[in-house]
>>> print(open('structure_22.cif').read())   # mmCIF, C-alpha atoms
data_work
#
loop_
_atom_site.label_atom_id
_atom_site.label_comp_id
_atom_site.auth_asym_id
_atom_site.auth_seq_id
_atom_site.Cartn_x
_atom_site.Cartn_y
_atom_site.Cartn_z
CA MET N 1 10.27 0.52 4.64
CA ALA N 2 6.81 0.49 3.03
CA SER N 3 7.07 -0.25 -0.70
CA LYS N 4 3.99 1.05 -2.49
CA PRO N 5 3.13 1.20 -6.19
CA ILE N 6 2.35 4.50 -7.89
CA TYR N 7 0.55 5.42 -11.09
CA GLU N 8 2.51 5.26 -14.34
CA TYR N 9 1.61 8.94 -14.82
CA ASP N 10 3.30 9.88 -11.53
CA GLY N 11 6.31 7.67 -12.22
CA LYS N 12 6.92 9.23 -15.62
CA LYS N 13 6.49 12.74 -14.25
CA LEU N 14 9.07 11.99 -11.58
CA ILE N 15 11.55 10.48 -14.04
CA ALA N 16 11.05 13.40 -16.43
CA SER N 17 11.80 15.97 -13.74
CA GLU N 18 14.76 14.20 -12.09
CA LEU N 19 16.63 12.31 -14.81
CA PRO N 20 18.00 15.44 -16.61
CA LYS N 21 19.88 16.34 -13.40
CA TYR N 22 22.21 13.43 -14.15
CA PHE N 23 21.67 13.02 -17.90
CA PRO N 24 21.15 16.50 -19.39
CA GLU N 25 20.69 15.05 -22.88
CA PHE N 26 17.51 13.29 -21.77
CA GLU N 27 14.49 15.15 -23.12
CA PHE N 28 11.08 13.75 -22.36
CA HIS N 29 8.18 15.12 -24.37
CA GLY N 30 6.16 15.68 -21.19
CA LYS N 31 2.90 15.07 -23.04
CA LEU N 32 0.82 13.10 -20.55
CA ALA N 33 -2.91 13.21 -19.90
CA VAL N 34 -5.24 11.25 -17.66
CA LEU N 35 -8.83 10.44 -18.59
CA THR N 36 -11.48 9.44 -16.06
CA PRO N 37 -15.22 8.84 -16.55
CA ASP N 38 -15.78 12.51 -15.66
CA THR N 39 -13.26 13.95 -18.13
CA ASP N 40 -14.59 16.30 -20.81
CA ILE N 41 -12.22 15.20 -23.58
CA ASP N 42 -13.10 18.09 -25.92
CA LYS N 43 -12.35 20.59 -23.15
CA LEU N 44 -9.10 18.77 -22.30
CA ALA N 45 -8.06 18.89 -25.98
CA LYS N 46 -8.36 22.68 -25.90
CA GLU N 47 -6.03 22.77 -22.90
CA LEU N 48 -3.65 20.21 -24.43
CA PRO N 49 -3.53 20.88 -28.21
CA TRP N 50 -1.24 17.89 -28.86
CA LEU N 51 -4.28 15.65 -28.33
CA LYS N 52 -5.59 17.02 -31.62
CA THR N 53 -2.35 17.01 -33.60
CA ASP N 54 -0.40 13.94 -32.44
CA LYS N 55 -1.04 10.28 -33.01
CA LEU N 56 -2.02 8.86 -29.60
CA VAL N 57 -1.60 5.91 -27.25
CA ALA N 58 -4.16 5.19 -24.50
CA LYS N 59 -3.91 2.51 -21.81
CA PRO N 60 -5.20 1.80 -18.30
CA ASP N 61 -3.20 3.37 -15.46
CA GLN N 62 -4.47 1.32 -12.52
CA LEU N 63 -1.49 -0.77 -11.40
CA PHE N 64 -1.89 -3.80 -13.63
CA GLY N 65 0.07 -5.02 -16.63
CA LYS N 66 -0.58 -7.18 -19.70
CA ARG N 67 -2.83 -4.42 -21.01
CA GLY N 68 -2.23 -5.34 -24.63
CA LYS N 69 -3.09 -8.97 -24.00
CA ALA N 70 -6.32 -7.81 -22.30
CA ASN N 71 -7.32 -5.74 -25.36
CA LEU N 72 -7.04 -2.54 -23.31
CA LEU N 73 -4.44 -0.77 -25.43
CA LEU N 74 -5.12 1.85 -28.11
CA LEU N 75 -2.25 2.60 -30.52
CA ASP N 76 -1.61 5.07 -33.33
CA ALA N 77 -5.01 6.73 -32.84
CA ASP N 78 -6.49 10.16 -33.43
CA LEU N 79 -8.70 12.16 -31.07
CA LYS N 80 -11.91 10.71 -32.49
CA GLN N 81 -10.67 7.17 -31.92
CA LEU N 82 -9.51 8.11 -28.42
CA LYS N 83 -13.00 9.37 -27.53
CA ALA N 84 -14.58 6.17 -28.83
CA PHE N 85 -12.05 4.02 -26.91
CA ALA N 86 -12.66 5.95 -23.69
CA ALA N 87 -16.44 5.63 -24.08
CA GLU N 88 -16.09 1.89 -24.65
CA LYS N 89 -13.68 1.12 -21.79
CA LEU N 90 -14.10 3.66 -18.97
CA ASN N 91 -16.48 2.83 -16.13
CA LYS N 92 -16.74 -0.75 -17.35
CA THR N 93 -15.93 -3.87 -15.31
CA PHE N 94 -13.02 -6.07 -16.36
CA GLU N 95 -11.40 -9.16 -14.90
CA ILE N 96 -7.61 -8.89 -14.75
CA SER N 97 -5.58 -11.81 -13.38
CA GLY N 98 -8.64 -13.13 -11.56
CA LYS N 99 -9.62 -9.77 -10.03
CA LYS N 100 -12.69 -7.87 -11.09
CA GLY N 101 -12.60 -4.10 -11.03
CA THR N 102 -13.88 -0.98 -12.71
CA LEU N 103 -11.67 0.81 -15.22
CA THR N 104 -11.65 4.43 -14.11
CA ARG N 105 -8.36 5.81 -15.42
CA LEU N 106 -6.62 5.96 -18.80
CA LEU N 107 -3.16 7.37 -19.49
CA VAL N 108 -2.80 9.12 -22.86
CA GLU N 109 0.54 9.89 -24.55
CA PRO N 110 1.86 10.53 -28.06
CA PHE N 111 2.41 7.43 -30.17
CA ILE N 112 6.16 6.99 -30.78
CA PRO N 113 7.08 4.84 -33.84
CA HIS N 114 10.07 2.60 -33.08
CA ASP N 115 11.74 -0.55 -34.33
CA THR N 116 13.57 -1.96 -31.31
CA GLU N 117 12.33 -2.32 -27.73
CA TYR N 118 14.68 -2.54 -24.73
CA TYR N 119 14.05 -3.57 -21.14
CA ILE N 120 15.47 -2.16 -17.90
CA SER N 121 14.50 -2.49 -14.27
CA ILE N 122 16.15 -1.78 -10.93
CA THR N 123 15.57 -3.72 -7.72
CA SER N 124 17.45 -4.05 -4.43
CA ASP N 125 18.55 -6.79 -2.09
CA ARG N 126 20.34 -6.66 1.25
CA ASP N 127 23.69 -5.51 -0.18
CA ASN N 128 23.09 -4.20 -3.69
CA ASP N 129 20.98 -2.32 -6.13
CA ILE N 130 20.55 -4.56 -9.16
CA VAL N 131 20.13 -3.37 -12.74
CA HIS N 132 18.32 -5.84 -15.04
CA PHE N 133 18.73 -5.15 -18.75
CA SER N 134 17.70 -6.85 -21.98
CA LEU N 135 17.97 -6.10 -25.67
CA GLU N 136 14.56 -7.72 -26.10
CA GLY N 137 11.97 -5.73 -24.18
CA GLY N 138 8.23 -5.84 -24.55
CA ILE N 139 5.39 -8.11 -23.52
CA PHE N 140 7.41 -11.32 -23.80
CA VAL N 141 10.34 -10.30 -21.58
CA GLU N 142 9.26 -12.75 -18.86
CA GLU N 143 9.26 -15.62 -21.31
CA ASN N 144 12.80 -14.59 -22.31
CA TRP N 145 14.12 -13.88 -18.82
CA ASP N 146 17.20 -15.99 -19.54
CA LYS N 147 18.28 -13.23 -21.95
CA VAL N 148 18.22 -10.56 -19.24
CA THR N 149 21.57 -9.37 -17.87
CA HIS N 150 21.65 -8.79 -14.09
CA ILE N 151 24.21 -6.33 -12.72
CA PRO N 152 24.56 -5.99 -8.91
CA ILE N 153 25.91 -2.62 -7.76
CA PRO N 154 27.06 -2.62 -4.10
CA PHE N 155 25.51 0.21 -2.08
CA ASP N 156 28.85 1.92 -1.47
CA SER N 157 29.69 2.08 -5.20
CA ASP N 158 30.42 5.28 -7.09
CA ILE N 159 27.72 5.09 -9.76
CA ASP N 160 29.47 7.45 -12.18
CA SER N 161 32.69 5.39 -12.25
CA PHE N 162 31.00 1.97 -12.16
CA ASP N 163 31.89 -0.17 -15.21
CA PHE N 164 28.49 -0.58 -16.85
CA ALA N 165 30.06 -0.68 -20.31
CA GLY N 166 31.88 -3.91 -19.47
CA LYS N 167 28.78 -5.58 -18.06
CA LEU N 168 25.93 -4.52 -20.35
CA PRO N 169 25.26 -6.28 -23.69
CA ASP N 170 26.60 -4.61 -26.81
CA VAL N 171 24.14 -1.98 -28.04
CA GLY N 172 26.29 -0.80 -30.89
CA ASP N 173 26.07 2.88 -31.78
CA TYR N 174 23.67 3.55 -28.92
CA SER N 175 26.19 2.93 -26.11
CA ASP N 176 27.04 6.63 -25.84
CA VAL N 177 23.45 7.37 -24.74
CA LEU N 178 22.56 4.08 -23.07
CA ILE N 179 25.38 4.07 -20.48
CA PRO N 180 24.65 7.63 -19.24
CA PHE N 181 20.94 6.78 -19.17
CA VAL N 182 21.48 3.70 -16.98
CA LYS N 183 23.71 5.62 -14.57
CA ALA N 184 21.26 8.51 -14.35
CA LEU N 185 18.34 6.16 -13.79
CA LEU N 186 20.17 4.50 -10.91
CA HIS N 187 20.90 7.92 -9.38
CA VAL N 188 17.20 8.81 -9.52
CA TYR N 189 16.21 5.40 -8.15
CA GLN N 190 18.41 5.98 -5.09
CA ASP N 191 17.76 9.70 -4.61
CA GLN N 192 13.97 9.44 -4.83
CA ASP N 193 13.64 6.32 -2.65
CA PHE N 194 12.30 4.00 -5.31
CA THR N 195 12.05 0.39 -4.21
CA PHE N 196 11.29 -0.90 -7.71
CA LEU N 197 11.55 0.71 -11.13
CA GLU N 198 10.82 -0.96 -14.46
CA ILE N 199 10.71 0.55 -17.94
CA ASN N 200 9.41 -2.06 -20.34
CA PRO N 201 9.89 -1.21 -23.02
CA PHE N 202 11.91 1.86 -23.77
CA ALA N 203 12.95 2.85 -27.27
CA ILE N 204 15.93 4.68 -28.73
CA THR N 205 15.04 6.78 -31.75
CA SER N 206 17.22 7.39 -34.81
CA LYS N 207 18.15 10.71 -33.19
CA LYS N 208 19.38 8.76 -30.16
CA GLU N 209 16.54 9.96 -27.97
CA ILE N 210 15.50 7.59 -25.20
CA ILE N 211 11.73 7.26 -24.85
CA PRO N 212 10.20 5.41 -21.84
CA LEU N 213 7.11 3.70 -23.23
CA ASP N 214 5.72 1.67 -20.32
CA LEU N 215 6.77 2.22 -16.72
CA LYS N 216 6.00 0.52 -13.40
CA SER N 217 7.43 1.71 -10.11
CA ARG N 218 7.17 1.58 -6.35
CA LEU N 219 8.31 4.12 -3.76
CA ASP N 220 9.21 3.83 -0.09
CA ASN N 221 6.31 5.91 1.17
CA THR N 222 7.84 6.26 4.63
CA ALA N 223 10.27 8.68 2.92
CA TYR N 224 7.34 10.96 2.05
CA PHE N 225 8.56 13.77 4.29
CA LEU N 226 11.99 13.81 2.58
CA HIS N 227 10.68 14.75 -0.85
CA SER N 228 8.67 17.93 -0.48
CA ASN N 229 10.33 19.33 -3.62
CA THR N 230 9.70 16.31 -5.85
CA TRP N 231 7.00 13.70 -5.20
CA ASN N 232 5.53 15.14 -2.01
CA ASN N 233 4.63 18.65 -3.13
CA SER N 234 1.34 20.46 -2.80
CA GLU N 235 0.94 21.18 -6.52
CA ASN N 236 1.29 17.66 -7.91
CA PRO N 237 1.70 15.07 -5.14
CA VAL N 238 2.39 11.45 -5.99
CA GLU N 239 -0.55 9.18 -5.13
CA PHE N 240 -0.42 5.72 -3.55
CA PRO N 241 -3.54 4.04 -4.95
CA GLY N 242 -4.97 0.66 -4.07
CA GLY N 243 -4.60 -2.18 -6.53
CA PHE N 244 -7.06 -2.87 -9.32
CA GLY N 245 -10.32 -4.14 -7.87
CA GLN N 246 -9.36 -2.95 -4.40
CA GLU N 247 -11.71 -0.29 -3.10
CA LEU N 248 -10.32 1.35 0.03
CA SER N 249 -12.65 2.46 2.80
CA LYS N 250 -12.26 6.01 4.03
CA GLU N 251 -10.67 4.64 7.22
CA GLU N 252 -8.14 2.64 5.18
CA GLU N 253 -7.33 5.73 3.12
CA TYR N 254 -6.95 7.80 6.31
CA ILE N 255 -4.57 5.32 7.95
CA ASP N 256 -2.68 4.94 4.69
CA GLU N 257 -2.15 8.70 4.73
CA LEU N 258 -0.97 8.56 8.37
CA ASP N 259 1.45 5.79 7.44
CA SER N 260 2.95 7.95 4.68
CA LYS N 261 3.72 10.75 7.11
CA THR N 262 5.67 8.82 9.73
CA GLY N 263 8.82 6.73 9.75
CA ALA N 264 6.91 4.11 11.74
CA SER N 265 4.54 1.56 10.22
CA LEU N 266 0.76 1.96 10.50
CA LYS N 267 -1.21 -0.67 8.57
CA PHE N 268 -4.94 -1.37 8.49
CA LYS N 269 -7.18 -3.58 6.37
CA LEU N 270 -10.92 -3.72 6.96
CA LEU N 271 -12.09 -7.32 6.60
CA ASN N 272 -15.60 -7.31 8.06
CA PRO N 273 -17.12 -4.07 9.40
CA ASP N 274 -19.76 -6.14 11.24
CA GLY N 275 -17.18 -8.36 12.94
CA ARG N 276 -16.98 -8.39 16.73
CA ILE N 277 -13.24 -9.01 17.04
CA TRP N 278 -11.00 -5.99 16.50
CA THR N 279 -7.25 -5.73 16.92
CA LEU N 280 -4.62 -3.10 17.71
CA LEU N 281 -1.53 -5.22 17.19
CA SER N 282 2.09 -4.17 17.43
CA GLY N 283 4.57 -5.81 15.07
CA GLY N 284 4.12 -7.56 11.73
CA GLY N 285 5.05 -11.03 12.99
CA ALA N 286 2.81 -10.77 16.04
CA SER N 287 -0.10 -9.62 13.88
CA VAL N 288 0.19 -12.70 11.65
CA ILE N 289 0.42 -15.13 14.58
CA PHE N 290 -2.42 -13.44 16.45
CA THR N 291 -4.71 -13.38 13.41
CA ASP N 292 -3.99 -17.06 12.67
CA THR N 293 -4.88 -17.93 16.27
CA ILE N 294 -8.25 -16.18 16.00
CA ALA N 295 -9.01 -18.12 12.81
CA ASP N 296 -7.75 -21.44 14.23
CA LEU N 297 -10.11 -21.07 17.20
CA GLY N 298 -13.05 -20.78 14.85
CA PHE N 299 -13.60 -17.03 15.05
CA GLY N 300 -12.26 -16.04 11.63
CA GLY N 301 -15.71 -14.97 10.52
CA GLU N 302 -15.88 -12.48 13.39
CA LEU N 303 -12.49 -10.89 12.66
CA ALA N 304 -13.11 -7.29 11.64
CA ASN N 305 -9.66 -6.05 10.69
CA TYR N 306 -6.04 -6.90 10.05
CA GLY N 307 -3.08 -4.57 10.59
CA GLU N 308 -0.26 -3.51 12.83
CA TYR N 309 1.57 -0.56 14.29
CA SER N 310 5.31 -0.85 14.74
CA GLY N 311 8.60 0.98 14.38
CA ASN N 312 8.12 3.04 17.56
CA PRO N 313 5.30 5.34 16.42
CA SER N 314 4.87 8.51 18.44
CA ARG N 315 2.10 8.98 20.98
CA GLU N 316 0.35 11.33 18.54
CA TYR N 317 0.31 8.89 15.62
CA THR N 318 -0.68 5.97 17.86
CA GLU N 319 -3.61 8.03 19.13
CA LEU N 320 -4.74 8.93 15.61
CA TYR N 321 -4.37 5.31 14.46
CA ALA N 322 -6.22 3.84 17.45
CA GLY N 323 -8.90 6.51 17.29
CA ALA N 324 -9.77 5.70 13.68
CA ILE N 325 -10.10 1.98 14.46
CA ILE N 326 -12.20 2.52 17.60
CA ASP N 327 -14.52 4.90 15.73
CA LEU N 328 -15.12 2.19 13.15
CA MET N 329 -15.48 -0.52 15.79
CA THR N 330 -18.09 1.38 17.80
CA LYS N 331 -20.07 2.68 14.83
CA ASN N 332 -22.79 0.07 15.34
CA PRO N 333 -23.38 -2.22 18.34
CA ALA N 334 -23.42 -5.96 17.70
CA PRO N 335 -26.84 -7.65 17.37
CA ASN N 336 -28.53 -8.36 20.73
CA ASN N 337 -25.84 -6.17 22.32
CA LYS N 338 -23.34 -9.01 22.18
CA PRO N 339 -19.89 -7.95 23.33
CA LYS N 340 -17.22 -6.73 20.95
CA TYR N 341 -13.61 -7.59 21.69
CA LEU N 342 -10.64 -5.26 21.28
CA PHE N 343 -7.24 -6.95 21.50
CA ILE N 344 -4.31 -4.62 22.17
CA ALA N 345 -1.41 -6.98 21.85
CA GLY N 346 2.07 -7.59 20.53
CA GLY N 347 5.26 -9.50 21.13
CA ILE N 348 8.11 -8.27 23.29
CA ALA N 349 9.30 -5.09 21.58
CA ASN N 350 12.95 -4.30 20.98
CA PHE N 351 12.67 -0.52 20.82
CA THR N 352 9.00 0.51 20.63
CA ASN N 353 8.20 2.50 23.77
CA VAL N 354 5.22 0.65 25.26
CA LYS N 355 4.34 3.49 27.63
CA ALA N 356 4.41 6.15 24.88
CA THR N 357 2.17 4.18 22.54
CA PHE N 358 -0.18 3.24 25.37
CA LEU N 359 -0.43 6.91 26.37
CA GLY N 360 -1.85 7.51 22.90
CA ILE N 361 -4.37 4.67 23.29
CA VAL N 362 -5.34 5.78 26.81
CA SER N 363 -6.04 9.26 25.45
CA VAL N 364 -8.41 7.71 22.89
CA PHE N 365 -10.19 5.77 25.66
CA ARG N 366 -10.84 9.00 27.56
CA LYS N 367 -12.27 10.69 24.49
CA LYS N 368 -14.38 7.73 23.35
CA VAL N 369 -15.39 6.06 26.62
CA ASP N 370 -19.11 6.51 25.92
CA GLN N 371 -18.74 4.94 22.48
CA LEU N 372 -16.89 1.95 23.95
CA LYS N 373 -19.53 1.38 26.62
CA LYS N 374 -22.44 1.77 24.20
CA ALA N 375 -20.90 -0.83 21.87
CA ASN N 376 -20.26 -3.19 24.84
CA VAL N 377 -16.52 -3.43 24.14
CA LYS N 378 -14.32 -5.71 26.23
CA ILE N 379 -10.59 -4.95 26.07
CA TYR N 380 -7.71 -7.38 26.43
CA VAL N 381 -4.09 -6.22 26.65
CA ARG N 382 -0.87 -8.22 26.28
CA ARG N 383 2.44 -6.46 25.74
CA GLY N 384 6.12 -6.49 26.59
CA GLY N 385 9.11 -4.31 25.84
CA PRO N 386 10.70 -1.01 26.94
CA TYR N 387 8.62 0.66 29.68
CA GLU N 388 6.15 -2.22 29.68
CA LYS N 389 5.55 -2.03 33.45
CA GLU N 390 4.56 1.63 33.25
CA GLY N 391 2.53 1.05 30.09
CA LEU N 392 0.58 -1.88 31.50
CA GLN N 393 -0.12 0.06 34.69
CA LEU N 394 -1.59 2.84 32.56
CA MET N 395 -4.05 0.33 31.11
CA LYS N 396 -5.02 -0.98 34.52
CA ASP N 397 -5.52 2.53 35.85
CA ILE N 398 -7.62 3.75 32.90
CA GLY N 399 -9.88 0.71 33.25
CA LYS N 400 -10.62 1.65 36.85
CA GLU N 401 -10.89 5.36 36.12
CA LEU N 402 -13.39 4.98 33.29
CA ASP N 403 -15.04 1.77 34.50
CA LEU N 404 -14.03 -0.03 31.32
CA PRO N 405 -13.62 -3.82 31.25
CA ILE N 406 -9.87 -4.06 30.59
CA GLU N 407 -7.90 -7.23 31.32
CA VAL N 408 -4.11 -6.72 31.31
CA HIS N 409 -1.38 -9.34 30.76
CA ASP N 410 2.39 -8.95 30.69
CA ARG N 411 5.13 -10.80 28.79
CA TYR N 412 4.72 -13.91 30.91
CA THR N 413 1.33 -14.70 29.36
CA PRO N 414 1.85 -16.26 25.92
CA LEU N 415 0.78 -13.88 23.18
CA THR N 416 -1.93 -16.10 21.80
CA ARG N 417 -3.26 -17.20 25.19
CA ILE N 418 -5.42 -14.11 25.66
CA VAL N 419 -7.60 -15.05 22.67
CA PRO N 420 -9.12 -18.20 24.22
CA LEU N 421 -9.27 -16.43 27.60
CA ALA N 422 -11.34 -13.66 26.08
CA MET N 423 -13.53 -15.79 23.85
CA LYS N 424 -14.35 -18.59 26.29
CA GLY N 425 -17.85 -17.23 26.81
CA ASP N 426 -18.48 -17.03 23.06
CA LYS N 427 -17.99 -20.71 22.27
#
>>> encode(input="structure_22.cif", output="structure tokens")
Amino acid sequence: MASKPIYEYDGKKLIASELPKYFPEFEFHGKLAVLTPDTDIDKLAKELPWLKTDKLVAKPDQLFGKRGKANLLLLDADLKQLKAFAAEKLNKTFEISGKKGTLTRLLVEPFIPHDTEYYISITSDRDNDIVHFSLEGGIFVEENWDKVTHIPIPFDSDIDSFDFAGKLPDVGDYSDVLIPFVKALLHVYQDQDFTFLEINPFAITSKKEIIPLDLKSRLDNTAYFLHSNTWNNSENPVEFPGGFGQELSKEEEYIDELDSKTGASLKFKLLNPDGRIWTLLSGGGASVIFTDTIADLGFGGELANYGEYSGNPSREYTELYAGAIIDLMTKNPAPNNKPKYLFIAGGIANFTNVKATFLGIVSVFRKKVDQLKKANVKIYVRRGGPYEKEGLQLMKDIGKELDLPIEVHDRYTPLTRIVPLAMKGDK
């Protein structure tokens, strides 16, 4: 599972489309707009007339909270005030929780007057989905966490017959809308592969309408292919943006997209594009141990990337993943034609087919052999698992066939041993 945050805009769109399937009385106004530095607000107001007629709320939609405390929240405003707020805030640099970034996205909605704010979130552990509810929502919910009710719902439970009424705090006359809302929200959480969903706050109007005011959510993006009719559709696909202050390289965006399309895990973080040590590591635990070893040996400054492939990716996806990394690695030779090092390593796999993944990597070597030689790349392999003998032989054979410097080790060489073996001439 890969739990990734999504924009508030996308989360509200998804809730608005799916919640009425289980709670027909839920009616969301659907008035949502996104402003960027390139938005022509006057033109947008012609397309969305409610921007001219409604009182408005504007706030950043870039995966960070505490927007009111950061003076980045506009309330009860008209269009003129919205334009002034956007001009003042968009494309400006802010520091949020110690991270500096550029504000490039504002979410605009109607301003909804309300007296009481409620809190609800849904998380999961090994055995349950857990509903967290409080009568006191808003910006101080964390400071009042002792007032939050936590309701575990075992995975095999019938949501519609589950006794929420006996477990939730008394909400008086609003119980006839709150209970169906909680059940419907849990249905959507499960059906749409949310891994985290928080509405803080939501309001209940005098007409007993439930209005989500602020929403944060995460989806299991490995379920992307399951939701072509909801959040993975060509007309309005859900995005998986980087965090505030995190600018993704095009290679990181590309691998992120690959990761979303497979049930396996493909992760990549560019640390130093000029580094001489590059890794194609299999398994999250192995990647941590291997990266720590490189740093402990004094080569942390030369480490170019961090990531891993695991979960038995297909030959095709392994080839695409490896190809993107090797393209980036061989883009520029090291100064004085010093060698670059590519470590293809991992622990002893339980079910990842070593031969299949290595077939993908071997295919990349054939296509990019000239790039590898020009960049003076030395390759070190250590792997174990299903079909390891055949996979390791493939690596030995391709080294001879293409005259590439490839050193191959099996499961009997400790995982971290190949780092000092490779780097002994670089001390």
>>> resolve_selection(input="structure_22.cif", expression="the PyMOL selection byres ((chain N and resi 130) around 12)", output="PyMOL selection string")
chain N and resi 120-129+131-133+148-155+157+164+182-183+185-186+189-190+195-198
>>> write_last_selection(input="structure_22.cif", atoms="C-alpha atoms", output="short mmCIF file (atom, residue, chain, number, x, y, z; two decimals), in the coordinates of the input")
data_model
loop_
_atom_site.label_atom_id
_atom_site.label_comp_id
_atom_site.auth_asym_id
_atom_site.auth_seq_id
_atom_site.Cartn_x
_atom_site.Cartn_y
_atom_site.Cartn_z
CA ILE N 120 15.47 -2.16 -17.90
CA SER N 121 14.50 -2.49 -14.27
CA ILE N 122 16.15 -1.78 -10.93
CA THR N 123 15.57 -3.72 -7.72
CA SER N 124 17.45 -4.05 -4.43
CA ASP N 125 18.55 -6.79 -2.09
CA ARG N 126 20.34 -6.66 1.25
CA ASP N 127 23.69 -5.51 -0.18
CA ASN N 128 23.09 -4.20 -3.69
CA ASP N 129 20.98 -2.32 -6.13
CA VAL N 131 20.13 -3.37 -12.74
CA HIS N 132 18.32 -5.84 -15.04
CA PHE N 133 18.73 -5.15 -18.75
CA VAL N 148 18.22 -10.56 -19.24
CA THR N 149 21.57 -9.37 -17.87
CA HIS N 150 21.65 -8.79 -14.09
CA ILE N 151 24.21 -6.33 -12.72
CA PRO N 152 24.56 -5.99 -8.91
CA ILE N 153 25.91 -2.62 -7.76
CA PRO N 154 27.06 -2.62 -4.10
CA PHE N 155 25.51 0.21 -2.08
CA SER N 157 29.69 2.08 -5.20
CA PHE N 164 28.49 -0.58 -16.85
CA VAL N 182 21.48 3.70 -16.98
CA LYS N 183 23.71 5.62 -14.57
CA LEU N 185 18.34 6.16 -13.79
CA LEU N 186 20.17 4.50 -10.91
CA TYR N 189 16.21 5.40 -8.15
CA GLN N 190 18.41 5.98 -5.09
CA THR N 195 12.05 0.39 -4.21
CA PHE N 196 11.29 -0.90 -7.71
CA LEU N 197 11.55 0.71 -11.13
CA GLU N 198 10.82 -0.96 -14.46
#
>>> residues_around(input="structure_22.cif", residues="segment 37-42 of chain N", least_positions_apart="3", cutoff="7 Å", atoms="all atoms listed in the file", output="PyMOL selection string")
chain N and resi 45-46+90-91+104
>>> residues_around(input="structure_22.cif", residues="Leu56 of chain N", least_positions_apart="5", cutoff="7 Å", atoms="all atoms listed in the file", output="PDB file with C-alpha atoms, in the coordinates of the input")
ATOM      1  CA  LEU N  75      -2.250   2.600 -30.520  1.00  0.00           C
ATOM      2  CA  ASP N  76      -1.610   5.070 -33.330  1.00  0.00           C
ATOM      3  CA  ALA N  77      -5.010   6.730 -32.840  1.00  0.00           C
ATOM      4  CA  ASP N  78      -6.490  10.160 -33.430  1.00  0.00           C
ATOM      5  CA  VAL N 108      -2.800   9.120 -22.860  1.00  0.00           C
ATOM      6  CA  GLU N 109       0.540   9.890 -24.550  1.00  0.00           C
ATOM      7  CA  PRO N 110       1.860  10.530 -28.060  1.00  0.00           C
ATOM      8  CA  PHE N 111       2.410   7.430 -30.170  1.00  0.00           C
TER       9      PHE N 111
END
>>> resolve_selection(input="structure_22.cif", expression="the PyMOL selection byres ((chain N and resi 203) around 10)", output="PyMOL selection string")
chain N and resi 112-119+137+199-202+204-206+208-213
>>> closest_residue(input="structure_22.cif", among="N:Leu415, N:Val34, N:Leu392, N:Val288", to="Ile348 of chain N", atoms="all atoms listed in the file")
N:Leu415
>>> closest_residue(input="structure_22.cif", among="N:Leu215, N:Leu63, N:Leu72, N:Ala324", to="Val364 of chain N", atoms="only C-alpha atoms")
N:Ala324
>>> atom_distance(input="structure_22.cif", atom1="atom CA of Leu103 of chain N", atom2="atom CA of Lys89 of chain N")
6.9 Å
>>> residues_around(input="structure_22.cif", residues="Ile406 of chain N", least_positions_apart="6", cutoff="10 Å", atoms="all atoms listed in the file", output="mmCIF file with C-alpha atoms, in the coordinates of the input")
data_model
loop_
_atom_site.group_PDB
_atom_site.id
_atom_site.type_symbol
_atom_site.label_atom_id
_atom_site.label_comp_id
_atom_site.auth_asym_id
_atom_site.auth_seq_id
_atom_site.Cartn_x
_atom_site.Cartn_y
_atom_site.Cartn_z
ATOM 1 C CA LEU N 342 -10.640 -5.260 21.280
ATOM 2 C CA PHE N 343 -7.240 -6.950 21.500
ATOM 3 C CA VAL N 377 -16.520 -3.430 24.140
ATOM 4 C CA LYS N 378 -14.320 -5.710 26.230
ATOM 5 C CA ILE N 379 -10.590 -4.950 26.070
ATOM 6 C CA TYR N 380 -7.710 -7.380 26.430
ATOM 7 C CA VAL N 381 -4.090 -6.220 26.650
ATOM 8 C CA MET N 395 -4.050 0.330 31.110
ATOM 9 C CA LYS N 396 -5.020 -0.980 34.520
ATOM 10 C CA ASP N 397 -5.520 2.530 35.850
ATOM 11 C CA ILE N 398 -7.620 3.750 32.900
ATOM 12 C CA GLY N 399 -9.880 0.710 33.250
ATOM 13 C CA LYS N 400 -10.620 1.650 36.850
#
>>> axis_aligned_box(input="structure_22.cif", around="segment 236-239 of chain N", padding_each_side="6 Å", output="JSON")
{"center_x": 0.9, "center_y": 13.4, "center_z": -6.5, "size_x": 14.9, "size_y": 20.5, "size_z": 14.8}
>>> atom_distance(input="structure_22.cif", atom1="atom CA of Pro180 of chain N", atom2="atom CA of His29 of chain N")
18.8 Å
>>> resolve_selection(input="structure_22.cif", expression="the PyMOL selection byres ((chain N and resi 85) around 10)", output="list in words")
Ala58, Lys59, Leu72, Leu73, Leu74, Ala77, Leu79, Lys80, Gln81, Leu82, Lys83, Ala84, Ala86, Ala87, Glu88, Lys89, Leu90 and Leu106 of chain N
>>> closest_residue(input="structure_22.cif", among="N:Lys13, N:Glu18, N:Gly138, N:Glu302", to="Leu32 of chain N", atoms="all atoms listed in the file")
N:Lys13
>>> closest_residue(input="structure_22.cif", among="N:Asn229, N:Thr352, N:Ser260, N:Ser314", to="Ser282 of chain N", atoms="all atoms listed in the file")
N:Thr352
>>> atom_distance(input="structure_22.cif", atom1="atom CA of Glu390 of chain N", atom2="atom CA of Asp410 of chain N")
11.1 Å
>>> residues_around(input="structure_22.cif", residues="Ile294 of chain N", least_positions_apart="2", cutoff="9 Å", atoms="all atoms listed in the file", output="ChimeraX atom specification")
/N:277,289-292,296-300,302-303,416,419-420
>>> residues_around(input="structure_22.cif", residues="Ala345 of chain N", least_positions_apart="4", cutoff="6 Å", atoms="all atoms listed in the file", output="mmCIF file with C-alpha atoms, keeping the file's coordinate frame")
data_model
loop_
_atom_site.group_PDB
_atom_site.id
_atom_site.type_symbol
_atom_site.label_atom_id
_atom_site.label_comp_id
_atom_site.auth_asym_id
_atom_site.auth_seq_id
_atom_site.Cartn_x
_atom_site.Cartn_y
_atom_site.Cartn_z
ATOM 1 C CA LEU N 281 -1.530 -5.220 17.190
ATOM 2 C CA VAL N 381 -4.090 -6.220 26.650
ATOM 3 C CA ARG N 382 -0.870 -8.220 26.280
ATOM 4 C CA ARG N 383 2.440 -6.460 25.740
#
